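Source file: input-v7.pdb; contents: PDB, C-alpha atoms and all ligand atoms.
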```pdb
MODEL        1
ATOM      1  CA  MET E 197      30.787  53.897 224.149
ATOM      2  CA  ILE E 198      34.155  55.790 223.870
ATOM      3  CA  ALA E 199      35.120  53.628 220.871
ATOM      4  CA  SER E 200      31.811  54.419 219.143
ATOM      5  CA  GLN E 201      32.309  58.194 219.799
ATOM      6  CA  ARG E 202      35.786  57.938 218.236
ATOM      7  CA  ASN E 203      34.340  56.173 215.204
ATOM      8  CA  GLN E 204      31.679  58.861 214.804
ATOM      9  CA  SER E 205      34.200  61.721 214.989
ATOM     10  CA  GLY E 206      36.396  59.838 212.471
ATOM     11  CA  VAL E 207      33.445  59.698 210.033
ATOM     12  CA  ALA E 208      32.759  63.397 210.629
ATOM     13  CA  VAL E 209      36.367  64.296 209.781
ATOM     14  CA  ILE E 210      36.297  62.183 206.598
ATOM     15  CA  THR E 211      32.942  63.714 205.614
ATOM     16  CA  ALA E 212      34.318  67.191 206.224
ATOM     17  CA  ILE E 213      37.417  66.459 204.088
ATOM     18  CA  LEU E 214      35.173  65.046 201.347
ATOM     19  CA  VAL E 215      32.914  68.115 201.419
ATOM     20  CA  VAL E 216      35.925  70.451 201.195
ATOM     21  CA  ALA E 217      37.402  68.366 198.334
ATOM     22  CA  ILE E 218      34.136  68.368 196.369
ATOM     23  CA  GLY E 219      33.674  72.076 197.063
ATOM     24  CA  THR E 220      37.195  72.841 195.816
ATOM     25  CA  ALA E 221      36.684  70.699 192.699
ATOM     26  CA  ILE E 222      33.430  72.536 191.910
ATOM     27  CA  ALA E 223      35.061  75.912 192.483
ATOM     28  CA  VAL E 224      38.039  75.036 190.232
ATOM     29  CA  SER E 225      35.699  73.679 187.572
ATOM     30  CA  LEU E 226      33.528  76.821 187.725
ATOM     31  CA  LEU E 227      36.590  79.049 187.444
ATOM     32  CA  TRP E 228      37.887  76.995 184.488
ATOM     33  CA  GLU E 229      34.492  77.127 182.760
ATOM     34  CA  SER E 230      34.161  80.853 183.260
ATOM     35  CA  THR E 231      37.732  81.439 181.978
ATOM     36  CA  LEU E 232      36.917  79.307 178.928
ATOM     37  CA  ASP E 233      33.684  81.232 178.396
ATOM     38  CA  GLN E 234      35.557  84.489 178.661
ATOM     39  CA  ARG E 235      38.157  83.324 176.097
ATOM     40  CA  ARG E 236      35.437  82.027 173.777
ATOM     41  CA  THR E 237      33.587  85.337 173.933
ATOM     42  CA  GLU E 238      36.835  87.248 173.435
ATOM     43  CA  SER E 239      37.736  85.139 170.353
ATOM     44  CA  ALA E 240      34.232  85.506 168.905
ATOM     45  CA  VAL E 241      34.293  89.279 169.390
ATOM     46  CA  LEU E 242      37.785  89.553 167.834
ATOM     47  CA  ALA E 243      36.780  87.340 164.878
ATOM     48  CA  ASP E 244      33.665  89.499 164.284
ATOM     49  CA  GLN E 245      35.733  92.645 164.517
ATOM     50  CA  GLY E 246      38.316  91.152 162.091
ATOM     51  CA  LEU E 247      35.547  90.333 159.634
ATOM     52  CA  LEU E 248      34.320  93.929 159.690
ATOM     53  CA  TYR E 249      37.850  95.204 159.072
ATOM     54  CA  VAL E 250      38.487  92.899 156.067
ATOM     55  CA  GLN E 251      35.144  93.991 154.620
ATOM     56  CA  GLY E 252      36.397  97.533 155.039
ATOM     57  CA  ALA E 253      39.556  96.539 153.148
ATOM     58  CA  GLU E 254      37.377  95.365 150.255
ATOM     59  CA  ALA E 255      35.687  98.790 150.092
ATOM     60  CA  TRP E 256      39.135 100.420 150.207
ATOM     61  CA  ALA E 257      40.332  98.216 147.295
ATOM     62  CA  ALA E 258      37.207  99.066 145.282
ATOM     63  CA  ASP E 259      37.982 102.738 145.799
ATOM     64  CA  ILE E 260      41.567 102.331 144.571
ATOM     65  CA  LEU E 261      40.430 100.386 141.496
ATOM     66  CA  ARG E 262      37.829 103.060 140.682
ATOM     67  CA  GLN E 263      40.461 105.790 141.014
ATOM     68  CA  ASP E 264      42.891 103.756 138.874
ATOM     69  CA  LEU E 265      40.350 103.603 136.055
ATOM     70  CA  VAL E 266      40.220 107.415 136.115
ATOM     71  CA  ASN E 267      44.040 107.736 136.250
ATOM     72  CA  SER E 268      44.942 105.156 133.602
ATOM     73  CA  PRO E 269      41.890 103.789 131.764
ATOM     74  CA  ASP E 270      43.902 102.337 128.869
ATOM     75  CA  SER E 271      46.451 100.325 130.759
ATOM     76  CA  ASP E 272      46.926  98.334 133.942
ATOM     77  CA  SER E 273      50.512  97.866 134.976
ATOM     78  CA  PHE E 274      52.865  97.845 137.965
ATOM     79  CA  ALA E 275      53.033 101.656 137.655
ATOM     80  CA  ASP E 276      49.358 101.889 138.702
ATOM     81  CA  ILE E 277      48.126 102.829 142.174
ATOM     82  CA  TRP E 278      46.575  99.385 142.745
ATOM     83  CA  ALA E 279      50.094  97.876 142.550
ATOM     84  CA  ILE E 280      51.400  99.845 145.546
ATOM     85  CA  GLU E 281      51.652  97.576 148.555
ATOM     86  CA  LEU E 282      50.754  99.370 151.768
ATOM     87  CA  ALA E 283      52.599  98.816 155.043
ATOM     88  CA  PRO E 284      50.302  97.389 157.758
ATOM     89  CA  LEU E 285      48.062 100.179 159.076
ATOM     90  CA  PRO E 286      47.330 100.451 162.787
ATOM     91  CA  VAL E 287      43.660 100.059 163.728
ATOM     92  CA  GLU E 288      42.086  99.919 167.188
ATOM     93  CA  GLY E 289      43.505  96.813 168.877
ATOM     94  CA  GLY E 290      45.710  95.684 166.006
ATOM     95  CA  THR E 291      46.786  96.136 162.390
ATOM     96  CA  ILE E 292      45.370  95.697 158.910
ATOM     97  CA  ALA E 293      47.344  94.951 155.731
ATOM     98  CA  GLY E 294      46.139  94.582 152.169
ATOM     99  CA  ARG E 295      47.524  94.101 148.693
ATOM    100  CA  LEU E 296      46.104  93.843 145.201
ATOM    101  CA  GLU E 297      47.383  91.571 142.471
ATOM    102  CA  ASP E 298      46.345  91.512 138.805
ATOM    103  CA  LEU E 299      44.863  88.074 138.110
ATOM    104  CA  GLN E 300      44.784  88.625 134.344
ATOM    105  CA  GLY E 301      48.571  88.522 134.269
ATOM    106  CA  LYS E 302      48.254  84.772 134.865
ATOM    107  CA  PHE E 303      46.979  81.890 132.735
ATOM    108  CA  ASN E 304      43.218  81.400 133.274
ATOM    109  CA  ILE E 305      42.631  77.631 133.580
ATOM    110  CA  ASN E 306      38.970  78.038 132.540
ATOM    111  CA  ASN E 307      40.214  79.319 129.161
ATOM    112  CA  LEU E 308      41.095  75.694 128.294
ATOM    113  CA  LEU E 309      37.482  75.483 127.107
ATOM    114  CA  ASN E 310      35.458  77.648 124.752
ATOM    115  CA  GLY E 311      32.129  79.057 125.885
ATOM    116  CA  ASP E 312      30.290  76.090 124.324
ATOM    117  CA  GLY E 313      32.306  73.573 126.368
ATOM    118  CA  SER E 314      34.516  72.515 123.472
ATOM    119  CA  GLU E 315      38.293  72.470 123.774
ATOM    120  CA  ASN E 316      40.079  75.794 123.208
ATOM    121  CA  GLU E 317      43.108  74.577 121.258
ATOM    122  CA  LEU E 318      44.958  77.858 121.600
ATOM    123  CA  GLY E 319      44.533  77.783 125.380
ATOM    124  CA  VAL E 320      45.602  74.133 125.600
ATOM    125  CA  ARG E 321      48.784  74.818 123.598
ATOM    126  CA  GLN E 322      49.622  77.748 125.913
ATOM    127  CA  PHE E 323      49.045  75.658 129.036
ATOM    128  CA  GLU E 324      51.178  72.825 127.612
ATOM    129  CA  ARG E 325      54.014  75.301 126.963
ATOM    130  CA  LEU E 326      53.699  76.730 130.479
ATOM    131  CA  LEU E 327      53.833  73.240 132.031
ATOM    132  CA  THR E 328      56.806  72.218 129.880
ATOM    133  CA  SER E 329      58.836  75.315 130.734
ATOM    134  CA  LEU E 330      58.153  74.695 134.441
ATOM    135  CA  ASP E 331      59.353  71.057 134.080
ATOM    136  CA  ILE E 332      55.867  69.649 134.684
ATOM    137  CA  ASP E 333      54.362  66.860 132.535
ATOM    138  CA  PRO E 334      52.462  68.688 129.702
ATOM    139  CA  ALA E 335      50.023  65.735 129.480
ATOM    140  CA  ILE E 336      48.351  67.332 132.505
ATOM    141  CA  ALA E 337      46.835  69.971 130.159
ATOM    142  CA  GLY E 338      44.723  67.324 128.394
ATOM    143  CA  ARG E 339      43.681  65.801 131.707
ATOM    144  CA  VAL E 340      42.513  69.203 132.947
ATOM    145  CA  VAL E 341      40.447  69.592 129.734
ATOM    146  CA  ASP E 342      38.651  66.313 130.532
ATOM    147  CA  TRP E 343      38.313  67.397 134.174
ATOM    148  CA  LEU E 344      36.419  70.529 133.037
ATOM    149  CA  ASP E 345      34.604  69.571 129.847
ATOM    150  CA  PRO E 346      30.955  68.525 130.107
ATOM    151  CA  ASP E 347      31.339  65.170 128.313
ATOM    152  CA  THR E 348      32.670  61.918 129.772
ATOM    153  CA  GLU E 349      34.597  60.867 126.652
ATOM    154  CA  PRO E 350      38.322  60.606 127.390
ATOM    155  CA  ARG E 351      40.340  63.031 125.287
ATOM    156  CA  PHE E 352      43.034  61.623 122.978
ATOM    157  CA  PRO E 353      45.982  61.313 123.451
ATOM    158  CA  ASP E 354      46.136  62.894 126.913
ATOM    159  CA  GLY E 355      42.979  62.782 128.956
ATOM    160  CA  GLY E 356      41.227  61.268 131.913
ATOM    161  CA  GLU E 357      37.534  60.910 132.676
ATOM    162  CA  ASP E 358      35.840  58.912 135.483
ATOM    163  CA  PRO E 359      37.596  55.531 134.807
ATOM    164  CA  THR E 360      41.005  57.191 135.421
ATOM    165  CA  TYR E 361      39.936  58.233 138.919
ATOM    166  CA  GLY E 362      37.757  55.191 139.653
ATOM    167  CA  ALA E 363      40.934  53.093 139.799
ATOM    168  CA  GLU E 364      42.434  55.207 142.609
ATOM    169  CA  GLU E 365      42.719  53.785 146.120
ATOM    170  CA  ILE E 366      39.957  56.200 147.139
ATOM    171  CA  PRO E 367      37.927  56.445 143.908
ATOM    172  CA  TYR E 368      36.416  59.762 142.844
ATOM    173  CA  ARG E 369      34.852  61.287 139.738
ATOM    174  CA  THR E 370      35.582  64.192 137.401
ATOM    175  CA  PRO E 371      33.421  67.252 138.184
ATOM    176  CA  ASN E 372      32.962  68.179 134.472
ATOM    177  CA  VAL E 373      32.457  71.849 135.346
ATOM    178  CA  LEU E 374      34.695  74.932 135.325
ATOM    179  CA  LEU E 375      37.008  75.497 138.291
ATOM    180  CA  THR E 376      36.282  77.921 141.124
ATOM    181  CA  SER E 377      39.735  77.511 142.689
ATOM    182  CA  THR E 378      43.132  76.559 141.266
ATOM    183  CA  THR E 379      43.613  74.207 144.243
ATOM    184  CA  GLU E 380      41.149  71.796 142.601
ATOM    185  CA  LEU E 381      43.969  70.948 140.176
ATOM    186  CA  MET E 382      45.649  68.982 142.973
ATOM    187  CA  ALA E 383      42.989  66.299 142.407
ATOM    188  CA  VAL E 384      43.871  65.928 138.691
ATOM    189  CA  TYR E 385      45.659  62.685 137.853
ATOM    190  CA  GLY E 386      49.441  63.092 137.831
ATOM    191  CA  MET E 387      49.481  66.515 139.533
ATOM    192  CA  GLU E 388      52.003  66.127 142.337
ATOM    193  CA  GLN E 389      51.860  68.557 145.231
ATOM    194  CA  GLU E 390      55.336  69.910 144.430
ATOM    195  CA  ALA E 391      54.365  70.493 140.764
ATOM    196  CA  TYR E 392      51.255  72.345 141.886
ATOM    197  CA  ARG E 393      53.346  74.554 144.182
ATOM    198  CA  VAL E 394      55.597  75.472 141.221
ATOM    199  CA  LEU E 395      52.639  76.096 138.876
ATOM    200  CA  ALA E 396      50.357  78.032 141.249
ATOM    201  CA  PRO E 397      51.962  81.501 140.888
ATOM    202  CA  TYR E 398      51.344  81.438 137.108
ATOM    203  CA  ILE E 399      47.703  80.402 136.983
ATOM    204  CA  CYS E 400      44.322  81.735 138.013
ATOM    205  CA  VAL E 401      40.670  80.800 137.801
ATOM    206  CA  LEU E 402      38.415  83.445 136.266
ATOM    207  CA  PRO E 403      35.270  83.494 134.139
ATOM    208  CA  GLN E 404      35.906  82.140 130.636
ATOM    209  CA  GLY E 405      37.181  84.313 127.813
ATOM    210  CA  THR E 406      39.392  86.699 129.808
ATOM    211  CA  THR E 407      42.336  88.234 127.944
ATOM    212  CA  LEU E 408      45.915  88.057 129.221
ATOM    213  CA  ASN E 409      47.307  91.374 130.464
ATOM    214  CA  VAL E 410      50.820  91.418 128.955
ATOM    215  CA  ASN E 411      51.718  94.445 131.111
ATOM    216  CA  THR E 412      51.710  92.314 134.262
ATOM    217  CA  ALA E 413      52.372  88.812 132.875
ATOM    218  CA  SER E 414      55.574  87.153 134.130
ATOM    219  CA  ASP E 415      58.296  85.723 131.894
ATOM    220  CA  TYR E 416      56.938  82.147 132.016
ATOM    221  CA  VAL E 417      53.422  83.322 131.125
ATOM    222  CA  LEU E 418      54.664  85.494 128.220
ATOM    223  CA  ALA E 419      56.739  82.546 126.956
ATOM    224  CA  SER E 420      53.591  80.383 126.935
ATOM    225  CA  LEU E 421      52.107  82.575 124.169
ATOM    226  CA  SER E 422      54.298  81.192 121.406
ATOM    227  CA  ASP E 423      57.046  78.726 120.530
ATOM    228  CA  ASP E 424      58.965  81.776 119.314
ATOM    229  CA  ILE E 425      59.116  83.356 122.773
ATOM    230  CA  ASP E 426      61.679  81.632 124.970
ATOM    231  CA  LEU E 427      62.436  82.822 128.502
ATOM    232  CA  SER E 428      65.182  85.189 127.384
ATOM    233  CA  THR E 429      62.895  86.788 124.740
ATOM    234  CA  ALA E 430      60.203  87.056 127.418
ATOM    235  CA  ASN E 431      62.649  88.822 129.728
ATOM    236  CA  SER E 432      63.597  91.249 126.934
ATOM    237  CA  LEU E 433      59.890  92.030 126.580
ATOM    238  CA  ILE E 434      59.637  92.633 130.340
ATOM    239  CA  PHE E 435      62.694  94.898 130.130
ATOM    240  CA  GLU E 436      60.981  96.789 127.296
ATOM    241  CA  ARG E 437      57.831  97.467 129.330
ATOM    242  CA  ALA E 438      60.088  98.609 132.204
ATOM    243  CA  ASP E 439      57.751  98.298 135.218
ATOM    244  CA  ALA E 440      55.064 100.097 133.229
ATOM    245  CA  GLU E 441      53.087  99.354 130.099
ATOM    246  CA  PHE E 442      53.992  98.390 126.539
ATOM    247  CA  LEU E 443      53.587 101.537 124.456
ATOM    248  CA  ASP E 444      52.435  99.518 121.455
ATOM    249  CA  ILE E 445      51.489  95.881 122.052
ATOM    250  CA  GLU E 446      50.954  95.202 118.334
ATOM    251  CA  SER E 447      54.508  96.174 117.427
ATOM    252  CA  SER E 448      56.163  94.630 120.507
ATOM    253  CA  PHE E 449      54.543  91.236 119.878
ATOM    254  CA  GLY E 450      54.404  91.429 116.077
ATOM    255  CA  GLY E 451      56.347  88.558 114.511
ATOM    256  CA  LEU E 452      56.488  86.764 117.871
ATOM    257  CA  ILE E 453      52.926  85.481 118.206
ATOM    258  CA  GLU E 454      50.427  84.118 115.691
ATOM    259  CA  ASP E 455      47.648  86.447 114.475
ATOM    260  CA  GLU E 456      45.000  84.392 116.260
ATOM    261  CA  VAL E 457      46.719  85.062 119.621
ATOM    262  CA  PHE E 458      46.392  88.867 119.384
ATOM    263  CA  PRO E 459      42.691  88.946 120.346
ATOM    264  CA  THR E 460      43.569  86.981 123.529
ATOM    265  CA  ILE E 461      46.079  89.548 124.848
ATOM    266  CA  ASP E 462      45.513  93.080 126.103
ATOM    267  CA  GLY E 463      47.067  95.773 128.279
ATOM    268  CA  VAL E 464      44.226  96.064 130.783
ATOM    269  CA  SER E 465      42.629  93.949 133.476
ATOM    270  CA  MET E 466      39.168  93.578 135.006
ATOM    271  CA  HIS E 467      40.086  91.031 137.692
ATOM    272  CA  TYR E 468      42.186  91.540 140.807
ATOM    273  CA  LEU E 469      42.937  89.493 143.882
ATOM    274  CA  LEU E 470      42.736  91.312 147.194
ATOM    275  CA  THR E 471      44.545  89.699 150.134
ATOM    276  CA  ALA E 472      43.578  91.449 153.360
ATOM    277  CA  THR E 473      44.948  90.414 156.747
ATOM    278  CA  VAL E 474      43.738  91.782 160.061
ATOM    279  CA  THR E 475      45.596  91.005 163.283
ATOM    280  CA  LEU E 476      43.751  91.745 166.511
ATOM    281  CA  GLY E 477      45.343  90.447 169.700
ATOM    282  CA  SER E 478      45.856  86.723 169.232
ATOM    283  CA  SER E 479      43.307  86.517 166.383
ATOM    284  CA  GLN E 480      44.227  86.770 162.686
ATOM    285  CA  THR E 481      41.651  87.040 159.891
ATOM    286  CA  THR E 482      42.713  86.694 156.258
ATOM    287  CA  MET E 483      40.338  87.256 153.367
ATOM    288  CA  ARG E 484      41.083  86.674 149.713
ATOM    289  CA  SER E 485      38.583  88.273 147.336
ATOM    290  CA  VAL E 486      38.508  88.062 143.566
ATOM    291  CA  LEU E 487      37.373  91.530 142.524
ATOM    292  CA  GLN E 488      35.816  92.287 139.154
ATOM    293  CA  ARG E 489      35.890  95.888 137.951
ATOM    294  CA  ASP E 490      33.416  96.846 135.224
ATOM    295  CA  SER E 491      33.908  99.499 132.549
ATOM    296  CA  SER E 492      32.253 102.158 134.724
ATOM    297  CA  GLY E 493      34.726 101.516 137.569
ATOM    298  CA  ILE E 494      32.322  99.647 139.838
ATOM    299  CA  THR E 495      33.932  96.691 141.600
ATOM    300  CA  ARG E 496      32.242  93.619 143.013
ATOM    301  CA  ALA E 497      33.630  90.505 144.691
ATOM    302  CA  ILE E 498      32.935  87.377 142.629
ATOM    303  CA  PHE E 499      34.689  84.924 144.956
ATOM    304  CA  ARG E 500      35.848  85.064 148.575
ATOM    305  CA  THR E 501      37.747  82.796 150.931
ATOM    306  CA  LEU E 502      38.035  83.547 154.608
ATOM    307  CA  GLY E 503      40.445  82.154 157.158
ATOM    308  CA  VAL E 504      40.413  82.888 160.898
ATOM    309  CA  HIS E 505      43.134  81.770 163.292
TER     310      HIS E 505
HETATM  311 CA    CA B 601      44.990 101.214 135.100
HETATM  312 CA    CA B 602      34.824  65.665 131.152
ENDMDL
END
```
Just give me the structure as C-alpha cells.
Ligand SMILES: [Ca+2]
Ligand SMILES: [Ca+2]
Amino acid sequence: MIASQRNQSGVAVITAILVVAIGTAIAVSLLWESTLDQRRTESAVLADQGLLYVQGAEAWAADILRQDLVNSPDSDSFADIWAIELAPLPVEGGTIAGRLEDLQGKFNINNLLNGDGSENELGVRQFERLLTSLDIDPAIAGRVVDWLDPDTEPRFPDGGEDPTYGAEEIPYRTPNVLLTSTTELMAVYGMEQEAYRVLAPYICVLPQGTTLNVNTASDYVLASLSDDIDLSTANSLIFERADAEFLDIESSFGGLIEDEVFPTIDGVSMHYLLTATVTLGSSQTTMRSVLQRDSSGITRAIFRTLGVH
C-alpha cells in the first residue's frame, strides 16, 4: 500500500517536471517566433522605406539632369552639376547617397552591331584596340559579335556560335540578342573574371547607335578611337579639355581620327548611371538606374537593378 503510494507520487513528480519542461519549451519557442516575426516585419518595413528613398533619388537625379540641360545644353563634362558627388544626406532613420556617371564616356558594347544586325566594323576595331591596350585577348571582340548577332554562322577569324559553348562542361547557347548588362560578357568564351574586372570600367550597355562623349571619355577609351592615339596622346587630350569640355572637337581630333569616326563622337550625353544607396538601421538598399534624358530635358529610367541587404 505504502509502496504503491510512493510509486504514484513518483509518477506525479515526473509528470509535473514534464509539464513544466514542455511549458518552458513552448514559451521559449513562442518568444523566439515572435522575435523572428518582429525582425521580419522590421526588415520588410525598412526595405520598403529604402525603396521609397531610392525612388526619390531618381526624381532628384532627373531634376539635376533637367537643370544641367538648361545650364549647359551644348556640352556634358565633369564641370557640370550632374558630376558633383554629394556627401551622404541624413534622412529619418538613416542616410542616402547618390552619384551620377556619364555612360556615354564608355564604349557601348551594343555598338558592335549596326541597326540591321550586321557587324559594325568601326566599333569592332575600337573594341579590339581597347582590349589590346588593357592586355586582354582582342579575339574576344569577334566572339562578342557572334554572341550578339542574330545569325548562327561563326564569324571568321575570331568568333563563336553555339558549337563553341556546346563543348563546355556545362553547355549553353549564344543569346543572339543585344546585351542588357555588361556582366553578360563573363559568359563569352575566353573572358576570364580578372579580364572582365579590368575591362568593366571602360564599357557600357546602351541602345545602339549612341555617340561617344569625348568630354568624359577616359584615356583608354580615347585611345581606342584610332591607331594614332596612344595613351600619352590620349592624356594630352584629357589635359587639353582640363576637367571641362573641348572647345572645338573637330580641331582637337583633326588628324588623329579617320573622317568616318567623327560622326560617332560628340561632346554631349543622353545616358547616365545613377547609383543611389540608402542605409536605414541594419538595412542597405542600392539601386542602379540607367537614365535617358531626351532633348526636352525629360529623364526616364530605361534599366534598373536593385539590391537589398
Ligand atoms: Ca551639360
Ligand atoms: Ca550569333
Each segment 297-331 of chain E residue no farther than 9 Å from segment 371-378 of chain E, nearest pair in Å, only C-alpha atoms, as JSON lines:
```
{"residue": "E:Ile305", "atom": "CA", "partner": "E:Leu375", "partner_atom": "CA", "distance": 7.6}
{"residue": "E:Asn306", "atom": "CA", "partner": "E:Leu374", "partner_atom": "CA", "distance": 6.0}
{"residue": "E:Leu309", "atom": "CA", "partner": "E:Leu374", "partner_atom": "CA", "distance": 8.7}
```
Selection to disk with C-alpha atoms, as a PDB file, in the coordinates of the input:
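Output saved as part-v2.pdb:
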```pdb
ATOM      1  CA  ILE E 305      42.631  77.631 133.580  1.00  0.00           C
ATOM      2  CA  ASN E 306      38.970  78.038 132.540  1.00  0.00           C
ATOM      3  CA  LEU E 309      37.482  75.483 127.107  1.00  0.00           C
TER       4      LEU E 309
END
```
Name every residue that the PyMOL selection byres (((not hetatm)) within 8 of (chain B and resi 602)) selects in this structure, writing the answer as number ranges by chain with chains first and numbers rising. E: 341-350, 356-357, 370-373
Picked residues, the PyMOL selection byres (((not hetatm)) within 12 of (chain B and resi 601)), as a VMD selection string: chain E and resid 260 to 279 298 409 411 to 412 440 to 441 463 to 468 489 491 493
Please, could you write that set of residues out with C-alpha atoms as a PDB file, in the frame of the given file?
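Result file follows (selection.pdb):
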```pdb
ATOM      1  CA  ILE E 260      41.567 102.331 144.571  1.00  0.00           C
ATOM      2  CA  LEU E 261      40.430 100.386 141.496  1.00  0.00           C
ATOM      3  CA  ARG E 262      37.829 103.060 140.682  1.00  0.00           C
ATOM      4  CA  GLN E 263      40.461 105.790 141.014  1.00  0.00           C
ATOM      5  CA  ASP E 264      42.891 103.756 138.874  1.00  0.00           C
ATOM      6  CA  LEU E 265      40.350 103.603 136.055  1.00  0.00           C
ATOM      7  CA  VAL E 266      40.220 107.415 136.115  1.00  0.00           C
ATOM      8  CA  ASN E 267      44.040 107.736 136.250  1.00  0.00           C
ATOM      9  CA  SER E 268      44.942 105.156 133.602  1.00  0.00           C
ATOM     10  CA  PRO E 269      41.890 103.789 131.764  1.00  0.00           C
ATOM     11  CA  ASP E 270      43.902 102.337 128.869  1.00  0.00           C
ATOM     12  CA  SER E 271      46.451 100.325 130.759  1.00  0.00           C
ATOM     13  CA  ASP E 272      46.926  98.334 133.942  1.00  0.00           C
ATOM     14  CA  SER E 273      50.512  97.866 134.976  1.00  0.00           C
ATOM     15  CA  PHE E 274      52.865  97.845 137.965  1.00  0.00           C
ATOM     16  CA  ALA E 275      53.033 101.656 137.655  1.00  0.00           C
ATOM     17  CA  ASP E 276      49.358 101.889 138.702  1.00  0.00           C
ATOM     18  CA  ILE E 277      48.126 102.829 142.174  1.00  0.00           C
ATOM     19  CA  TRP E 278      46.575  99.385 142.745  1.00  0.00           C
ATOM     20  CA  ALA E 279      50.094  97.876 142.550  1.00  0.00           C
ATOM     21  CA  ASP E 298      46.345  91.512 138.805  1.00  0.00           C
ATOM     22  CA  ASN E 409      47.307  91.374 130.464  1.00  0.00           C
ATOM     23  CA  ASN E 411      51.718  94.445 131.111  1.00  0.00           C
ATOM     24  CA  THR E 412      51.710  92.314 134.262  1.00  0.00           C
ATOM     25  CA  ALA E 440      55.064 100.097 133.229  1.00  0.00           C
ATOM     26  CA  GLU E 441      53.087  99.354 130.099  1.00  0.00           C
ATOM     27  CA  GLY E 463      47.067  95.773 128.279  1.00  0.00           C
ATOM     28  CA  VAL E 464      44.226  96.064 130.783  1.00  0.00           C
ATOM     29  CA  SER E 465      42.629  93.949 133.476  1.00  0.00           C
ATOM     30  CA  MET E 466      39.168  93.578 135.006  1.00  0.00           C
ATOM     31  CA  HIS E 467      40.086  91.031 137.692  1.00  0.00           C
ATOM     32  CA  TYR E 468      42.186  91.540 140.807  1.00  0.00           C
ATOM     33  CA  ARG E 489      35.890  95.888 137.951  1.00  0.00           C
ATOM     34  CA  SER E 491      33.908  99.499 132.549  1.00  0.00           C
ATOM     35  CA  GLY E 493      34.726 101.516 137.569  1.00  0.00           C
TER      36      GLY E 493
END
```
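Here atom CA of Gly338 of chain E is placed at a distance of 19.4 Å from atom CA of Ala419 of chain E.
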Taking (55.6, 94.0, 125.2) in the file's coordinates, which residues come within 8 Å, counting all atoms listed in the file, written as a PyMOL selection string? chain E and resi 410-411+433-434+436-437+441-445+448-449
Residues picked by the PyMOL selection byres (((chain E and resi 293) around 7) and not hetatm) here, as a PyMOL selection string? chain E and resi 282-285+291-292+294+472-474
How many Å separate atom CA of Ala413 of chain E from atom CA of Thr379 of chain E?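 Between atom CA of Ala413 of chain E and atom CA of Thr379 of chain E the gap works out to 20.5 Å.
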Sorted per-residue table, segment 421-474 of chain E near segment 314-323 of chain E, closest atoms and distance, 10 Å, only C-alpha atoms, as JSON lines:
```
{"residue": "E:Leu421", "atom": "CA", "partner": "E:Gln322", "partner_atom": "CA", "distance": 5.7}
{"residue": "E:Ser422", "atom": "CA", "partner": "E:Gln322", "partner_atom": "CA", "distance": 7.4}
{"residue": "E:Asp423", "atom": "CA", "partner": "E:Gln322", "partner_atom": "CA", "distance": 9.2}
{"residue": "E:Glu456", "atom": "CA", "partner": "E:Leu318", "partner_atom": "CA", "distance": 8.4}
{"residue": "E:Val457", "atom": "CA", "partner": "E:Leu318", "partner_atom": "CA", "distance": 7.7}
{"residue": "E:Thr460", "atom": "CA", "partner": "E:Leu318", "partner_atom": "CA", "distance": 9.4}
```
Could the residues in this selection be saved with C-alpha atoms as an mmCIF file, keeping the file's coordinate frame?
```cif
data_model
loop_
_atom_site.group_PDB
_atom_site.id
_atom_site.type_symbol
_atom_site.label_atom_id
_atom_site.label_comp_id
_atom_site.auth_asym_id
_atom_site.auth_seq_id
_atom_site.Cartn_x
_atom_site.Cartn_y
_atom_site.Cartn_z
ATOM 1 C CA LEU E 421 52.107 82.575 124.169
ATOM 2 C CA SER E 422 54.298 81.192 121.406
ATOM 3 C CA ASP E 423 57.046 78.726 120.530
ATOM 4 C CA GLU E 456 45.000 84.392 116.260
ATOM 5 C CA VAL E 457 46.719 85.062 119.621
ATOM 6 C CA THR E 460 43.569 86.981 123.529
#
```
Could you check which of E:Ser420, E:Gln234, E:Thr407, E:Thr211 is closest to Phe458 of chain E, using only C-alpha atoms?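 Of E:Ser420, E:Gln234, E:Thr407, E:Thr211, the one nearest Phe458 of chain E, counting only C-alpha atoms, is E:Thr407.
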Considering only C-alpha atoms, state which residue in the set E:Ala255, E:Ala335, E:Val209, E:Ile366 is at the smallest distance from Pro353 of chain E.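 The closest residue to Pro353 of chain E is E:Ala335.
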Find, counting all atoms listed in the file, the residue in E:Ile336, E:Leu470, E:Leu242, E:Val504 that gets nearest to Met387 of chain E.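 Among E:Ile336, E:Leu470, E:Leu242, E:Val504, it is E:Ile336 that comes nearest to Met387 of chain E.
From atom CA of Gln251 of chain E back to atom CA of Gly503 of chain E, the distance works out to 13.2 Å.
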Would you kindly return, as a VMD selection string, each protein, DNA or RNA residue with an atom no farther than 12 Å from any atom of Tyr385 of chain E, considering all atoms listed in the file and excluding same-chain residues fewer than 3 positions away? chain E and resid 333 335 to 343 354 to 364 367 to 370 380 to 382 388 to 389 392
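You can rank E:Pro459, E:Pro286, E:Pro334, E:Gly252 by their closest distance to Leu476 of chain E using all atoms listed in the file, and at the top of that list sits E:Pro286.
Taking all atoms listed in the file into account, Ser478 of chain E lies nearest to E:His505 out of the set E:Leu418, E:His505, E:Leu226, E:Ala257.
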Give the answer as one residue: which of E:Thr406, E:Gln245, E:Ser225, E:Thr237 has the shortest atom-to-atom distance to Thr475 of chain E, using all atoms listed in the file? E:Gln245
